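This report refers to the structure that appears directly beneath it.
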Amino acid sequence: MLELAIGIILGGCALGAGCAMIAGIGPGIGEGNAVAAACEAIGRQPESRSAVTTTMLMGCAIAETTGLYALVIAILLIFVAPGRLVNILLESIG
Amino acid sequence: MKNIDPTIKHMTSYIALATLIMSALMEAVFLIIGRWDLHVLFGNLLGAGVGILNFFLMGLGLQKALDKDEKDAKATVTFSHTMRFFLLALVLILAAVLDWFNLLAAVISLIMPTAAVYMSAMVSKKKGIQEEPEV
């Protein structure tokens, strides 16, 4: 029974980490679209390159935040949460 | 270093400065709550260093992508993002697995450059609002 409980904890953590990493896909696609649009804008108005680069850099950095949060949650779920949850389980059993 | 866009250099130096200030604040908070030790400092150094490096590499990737056509630019940025994501994952795994680094300090430090970008965006927006009536 204890093995089953530990297995459920480990499986749940791995599943949660996998679900969290879905959020890591979005920023890559979003950044790609932003840069494609920036290329088009610079192609139309080459003199606005500096302004477009600054705005795009800030936009991409902000867009990446969700991916970073997802990564942090996934790493915590894989490396930190299982140990603590198993400890809590063992303490509650006594 | 000569080929780097001045905008990227300027932004990276701003982010580095803001991260440095926020790191000092974080260390002070850890000291005040009595949880400061060398592991916090190492975690802070690792997280902040990689956070700034990540921003700089993102700038380089974007600069490279801007010189290409739309399709290639998309591919270049997606590749750059994936590689930087692996770098961040590696750093977080190191911080989680090795006892030398405080994980909390590393995670907070890794998010600091983003916080600096948010602050920069807010400041520039505020400036824009203040300057608008004059125009």
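In the structure tokens, the first chain shown is A, the next is B, and so on; residue numbers restart at 1 for each chain, and ligands run from 1 in the order shown.
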- Task: When you get a sec, could you note down which chain B residues fall within 9 Å of chain A, using only C-alpha atoms, as a PyMOL selection string?
- Result: chain B and resi 5-8+11+55+58-59+62-63+65-82+85+88-89+92-93+96-97+107+110-111+113-115+117-118+120-121
- Task: Run DSSP on the backbone and grab whatever in chain B lands in alpha helix (DSSP H); send it over as a PyMOL selection string.
- Result: chain B and resi 6-32+38-66+70-97+103-131
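You will find CA of Glu3 in chain A at 15.7 Å from CA of Arg84 in chain A.
With only C-alpha atoms as the atoms that count, the residue of B:Gly51, B:Ala16, B:His39, B:Lys127 with the shortest distance to Leu87 in chain B is B:Gly51.
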